Amino acid sequence: MAEKLLLLDGHSLAFRAFYALPADLATPAGTITNAVFGFTSMLVKVLADESPDYLAVALDTPAPTFRDALDSEYKAGRKETPDVFRSQMPLIREVLDALEIPVLEVDGVEADDVIATLALRAAEAGVDVVVVTGDRDTYQLVRDPHVKVLYNKRGVSDYALYDEAGILERCGVTPEQYVEYAALRGDTSDNLPGVPGIGEKTAAKLLTTYGDLESIFDHLDELPPKQR
């Protein structure tokens, strides 16, 4: 049996925990701890469920990334991170330090990029990888038999484990097609516009029919005028 690496998208899971649990969860001194408690609960659950040989948590840094340089409107319009969440991140770090769990941060890229690099390198070495996140962008990483995504659907305990068949069932496209699928439909959370009038179902249908964006452009004359 192959060794297993568990990679956690720290900020993604902490945000899920923060919004899943009541904001009046606090210490006797009044320190709000809903994100800390929820994140720690998630960590304990996935460790028990997955029993990994290796483990790391990736976190975003405050530094601008290469995506900001490519698109000045990237993630524009997002609400400011609540102070009550921001103040809990040092406490989450304390939990990770106490458990001696490696925390990975790289300026200029996002935590997803760190996770993607490690996942692909581990898979090439024959190590099984489970990416734990609430970010759909990681669907593109799924590769049988080594890389799966354990997606946090809601709360702190509701997860779905996706292999290639799971991504196809969930989105209507393969993991390899997911980047172009996301480009077609856009992503409001990252302020990426996509193609006007092309939603998830149409994007999936186009890619299923033609395979990729280049082939879609090669067959524009077959599409309805609005799609064209």
# chains A, B, ... in the order shown; residues from 1 in each chain; ligands from 1
call {"tool": "residues_around", "arguments": {"residues": "segment 195-209 of chain A", "least_positions_apart": "3", "cutoff": "12 Å", "atoms": "only C-alpha atoms", "output": "number ranges by chain"}}
result
A: 167-188, 192, 212-217, 219-220, 222-228
call {"tool": "write_last_selection", "arguments": {"atoms": "C-alpha atoms", "output": "mmCIF file, in the first residue's frame"}}
result
data_model
loop_
_atom_site.group_PDB
_atom_site.id
_atom_site.type_symbol
_atom_site.label_atom_id
_atom_site.label_comp_id
_atom_site.auth_asym_id
_atom_site.auth_seq_id
_atom_site.Cartn_x
_atom_site.Cartn_y
_atom_site.Cartn_z
ATOM 1 C CA ILE A 167 -15.246 15.188 -10.401
ATOM 2 C CA LEU A 168 -16.878 14.127 -13.670
ATOM 3 C CA GLU A 169 -20.132 13.367 -11.842
ATOM 4 C CA ARG A 170 -19.967 16.599 -9.812
ATOM 5 C CA CYS A 171 -19.040 19.008 -12.623
ATOM 6 C CA GLY A 172 -19.693 17.216 -15.905
ATOM 7 C CA VAL A 173 -16.041 17.542 -16.951
ATOM 8 C CA THR A 174 -12.808 15.698 -16.202
ATOM 9 C CA PRO A 175 -10.202 17.175 -13.835
ATOM 10 C CA GLU A 176 -7.990 17.895 -16.871
ATOM 11 C CA GLN A 177 -10.824 19.991 -18.363
ATOM 12 C CA TYR A 178 -11.605 21.821 -15.128
ATOM 13 C CA VAL A 179 -9.382 24.860 -15.805
ATOM 14 C CA GLU A 180 -11.084 25.575 -19.134
ATOM 15 C CA TYR A 181 -14.489 24.823 -17.596
ATOM 16 C CA ALA A 182 -13.796 27.424 -14.888
ATOM 17 C CA ALA A 183 -12.570 29.906 -17.499
ATOM 18 C CA LEU A 184 -15.785 29.519 -19.500
ATOM 19 C CA ARG A 185 -18.220 29.817 -16.581
ATOM 20 C CA GLY A 186 -16.177 32.392 -14.630
ATOM 21 C CA ASP A 187 -15.823 32.625 -10.874
ATOM 22 C CA THR A 188 -17.570 35.384 -8.962
ATOM 23 C CA LEU A 192 -13.244 36.329 -12.946
ATOM 24 C CA ASP A 212 -11.082 21.803 -25.171
ATOM 25 C CA LEU A 213 -11.239 25.534 -25.888
ATOM 26 C CA GLU A 214 -9.225 25.330 -29.116
ATOM 27 C CA SER A 215 -11.660 22.774 -30.521
ATOM 28 C CA ILE A 216 -14.625 24.912 -29.446
ATOM 29 C CA PHE A 217 -13.168 27.850 -31.401
ATOM 30 C CA HIS A 219 -16.303 24.696 -34.416
ATOM 31 C CA LEU A 220 -17.903 28.073 -33.692
ATOM 32 C CA GLU A 222 -21.866 24.845 -35.197
ATOM 33 C CA LEU A 223 -22.936 26.874 -32.150
ATOM 34 C CA PRO A 224 -26.066 29.005 -31.632
ATOM 35 C CA PRO A 225 -25.472 32.697 -32.461
ATOM 36 C CA LYS A 226 -25.373 33.891 -28.820
ATOM 37 C CA GLN A 227 -22.833 31.238 -27.848
ATOM 38 C CA ARG A 228 -20.808 31.957 -30.956
#
call {"tool": "select_by_dssp", "arguments": {"residues": "segment 23-176 of chain A", "states": "strand (DSSP E or B)", "output": "list in words"}}
result
Ala26, Ile32, Tyr54, Leu55, Ala56, Val57, Ala58, Val103, Leu104, Asp128, Val129, Val130, Val131, Val132, Thr133, Arg143, Val147, Lys148, Val149, Leu150, Tyr151, Asn152, Lys153, Arg154, Asp158, Tyr159, Ala160, Leu161 and Tyr162 of chain A
call {"tool": "closest_residue", "arguments": {"among": "A:Leu6, A:Glu100, A:Tyr139, A:Leu118", "to": "Ala48 of chain A", "atoms": "only C-alpha atoms"}}
result
A:Leu6
call {"tool": "residues_around", "arguments": {"residues": "Val103 of chain A", "least_positions_apart": "6", "cutoff": "9 Å", "atoms": "only C-alpha atoms", "output": "list in words"}}
result
Gly10, Ala56, Val57, Ala58, Leu59, Arg93, Leu96 and Asp97 of chain A
call {"tool": "atom_distance", "arguments": {"atom1": "atom CA of Gly194 of chain A", "atom2": "atom CA of Asp113 of chain A"}}
result
21.3 Å
call {"tool": "closest_residue", "arguments": {"among": "A:Pro52, A:Tyr210, A:Ser189, A:Glu3", "to": "Arg78 of chain A", "atoms": "only C-alpha atoms"}}
result
A:Ser189
call {"tool": "residues_around", "arguments": {"residues": "segment 17-34 of chain A", "least_positions_apart": "5", "cutoff": "8 Å", "atoms": "only C-alpha atoms", "output": "ChimeraX atom specification"}}
result
/A:39,84-85,88,154-156
call {"tool": "atom_distance", "arguments": {"atom1": "atom CA of Val142 of chain A", "atom2": "atom CA of Phe15 of chain A"}}
result
22.8 Å
call {"tool": "closest_residue", "arguments": {"among": "A:Val114, A:Arg121, A:Ala2, A:Asp137", "to": "Asp53 of chain A", "atoms": "only C-alpha atoms"}}
result
A:Ala2
call {"tool": "residues_around", "arguments": {"residues": "Phe66 of chain A", "least_positions_apart": "2", "cutoff": "7 Å", "atoms": "only C-alpha atoms", "output": "MDAnalysis selection string"}}
result
chainID A and resid 64 68:70 108:109
call {"tool": "write_last_selection", "arguments": {"atoms": "N, CA and C atoms", "output": "mmCIF file, in the first residue's frame"}}
result
data_model
loop_
_atom_site.group_PDB
_atom_site.id
_atom_site.type_symbol
_atom_site.label_atom_id
_atom_site.label_comp_id
_atom_site.auth_asym_id
_atom_site.auth_seq_id
_atom_site.Cartn_x
_atom_site.Cartn_y
_atom_site.Cartn_z
ATOM 1 N N PRO A 64 1.416 40.229 -2.360
ATOM 2 C CA PRO A 64 0.735 40.077 -3.649
ATOM 3 C C PRO A 64 1.248 38.827 -4.367
ATOM 4 N N ASP A 68 -2.244 38.774 -9.091
ATOM 5 C CA ASP A 68 -2.526 40.209 -8.947
ATOM 6 C C ASP A 68 -1.805 40.998 -10.034
ATOM 7 N N ALA A 69 -0.592 40.548 -10.396
ATOM 8 C CA ALA A 69 0.157 41.217 -11.457
ATOM 9 C C ALA A 69 -0.502 40.997 -12.812
ATOM 10 N N LEU A 70 -1.101 39.823 -13.027
ATOM 11 C CA LEU A 70 -1.753 39.512 -14.297
ATOM 12 C C LEU A 70 -3.079 40.248 -14.462
ATOM 13 N N GLY A 108 4.255 35.387 -3.065
ATOM 14 C CA GLY A 108 4.135 35.456 -4.522
ATOM 15 C C GLY A 108 3.214 34.430 -5.133
ATOM 16 N N VAL A 109 2.825 33.423 -4.324
ATOM 17 C CA VAL A 109 1.863 32.420 -4.795
ATOM 18 C C VAL A 109 0.834 32.182 -3.698
#
call {"tool": "select_by_dssp", "arguments": {"residues": "segment 1-217 of chain A", "states": "helix (DSSP H, G or I)", "output": "VMD selection string"}}
result
chain A and resid 10 to 20 34 to 50 66 to 70 83 to 86 89 to 98 111 to 124 136 to 141 164 to 171 175 to 185 188 to 190 200 to 210 213 to 217
call {"tool": "closest_residue", "arguments": {"among": "A:Glu73, A:Gly38, A:Ser51, A:Arg143", "to": "Ala123 of chain A", "atoms": "only C-alpha atoms"}}
result
A:Arg143
call {"tool": "closest_residue", "arguments": {"among": "A:Asp128, A:Glu105, A:Asp112, A:Glu94", "to": "Tyr54 of chain A", "atoms": "only C-alpha atoms"}}
result
A:Asp128
call {"tool": "closest_residue", "arguments": {"among": "A:Asn152, A:Thr40, A:Asn191, A:Ser72", "to": "Val132 of chain A", "atoms": "only C-alpha atoms"}}
result
A:Asn152
call {"tool": "residues_around", "arguments": {"residues": "Lys79 of chain A", "least_positions_apart": "3", "cutoff": "12 Å", "atoms": "only C-alpha atoms", "output": "list in words"}}
result
Lys75, Ala76, Pro82, Asp83, Ser189, Asp190 and Asn191 of chain A
call {"tool": "write_last_selection", "arguments": {"atoms": "N, CA and C atoms", "output": "PDB file, in the first residue's frame"}}
result
ATOM      1  N   LYS A  75      -9.956  39.141  -7.585  1.00  0.00           N
ATOM      2  CA  LYS A  75     -10.543  39.146  -6.243  1.00  0.00           C
ATOM      3  C   LYS A  75     -11.047  40.519  -5.800  1.00  0.00           C
ATOM      4  N   ALA A  76     -11.175  41.449  -6.748  1.00  0.00           N
ATOM      5  CA  ALA A  76     -11.731  42.764  -6.401  1.00  0.00           C
ATOM      6  C   ALA A  76     -13.187  42.605  -5.990  1.00  0.00           C
ATOM      7  N   PRO A  82     -12.969  39.751   8.136  1.00  0.00           N
ATOM      8  CA  PRO A  82     -13.389  40.260   9.455  1.00  0.00           C
ATOM      9  C   PRO A  82     -12.237  40.218  10.461  1.00  0.00           C
ATOM     10  N   ASP A  83     -12.133  41.272  11.240  1.00  0.00           N
ATOM     11  CA  ASP A  83     -11.072  41.337  12.258  1.00  0.00           C
ATOM     12  C   ASP A  83     -11.167  40.163  13.224  1.00  0.00           C
ATOM     13  N   SER A 189     -16.371  34.500  -7.021  1.00  0.00           N
ATOM     14  CA  SER A 189     -15.623  34.651  -5.778  1.00  0.00           C
ATOM     15  C   SER A 189     -14.233  35.245  -6.026  1.00  0.00           C
ATOM     16  N   ASP A 190     -13.674  35.003  -7.214  1.00  0.00           N
ATOM     17  CA  ASP A 190     -12.361  35.556  -7.570  1.00  0.00           C
ATOM     18  C   ASP A 190     -12.479  36.732  -8.536  1.00  0.00           C
ATOM     19  N   ASN A 191     -13.736  37.149  -8.822  1.00  0.00           N
ATOM     20  CA  ASN A 191     -13.999  38.249  -9.753  1.00  0.00           C
ATOM     21  C   ASN A 191     -13.455  37.962 -11.154  1.00  0.00           C
TER      22      ASN A 191
END
call {"tool": "atom_distance", "arguments": {"atom1": "atom CA of Asp9 of chain A", "atom2": "atom CA of Thr133 of chain A"}}
result
5.2 Å
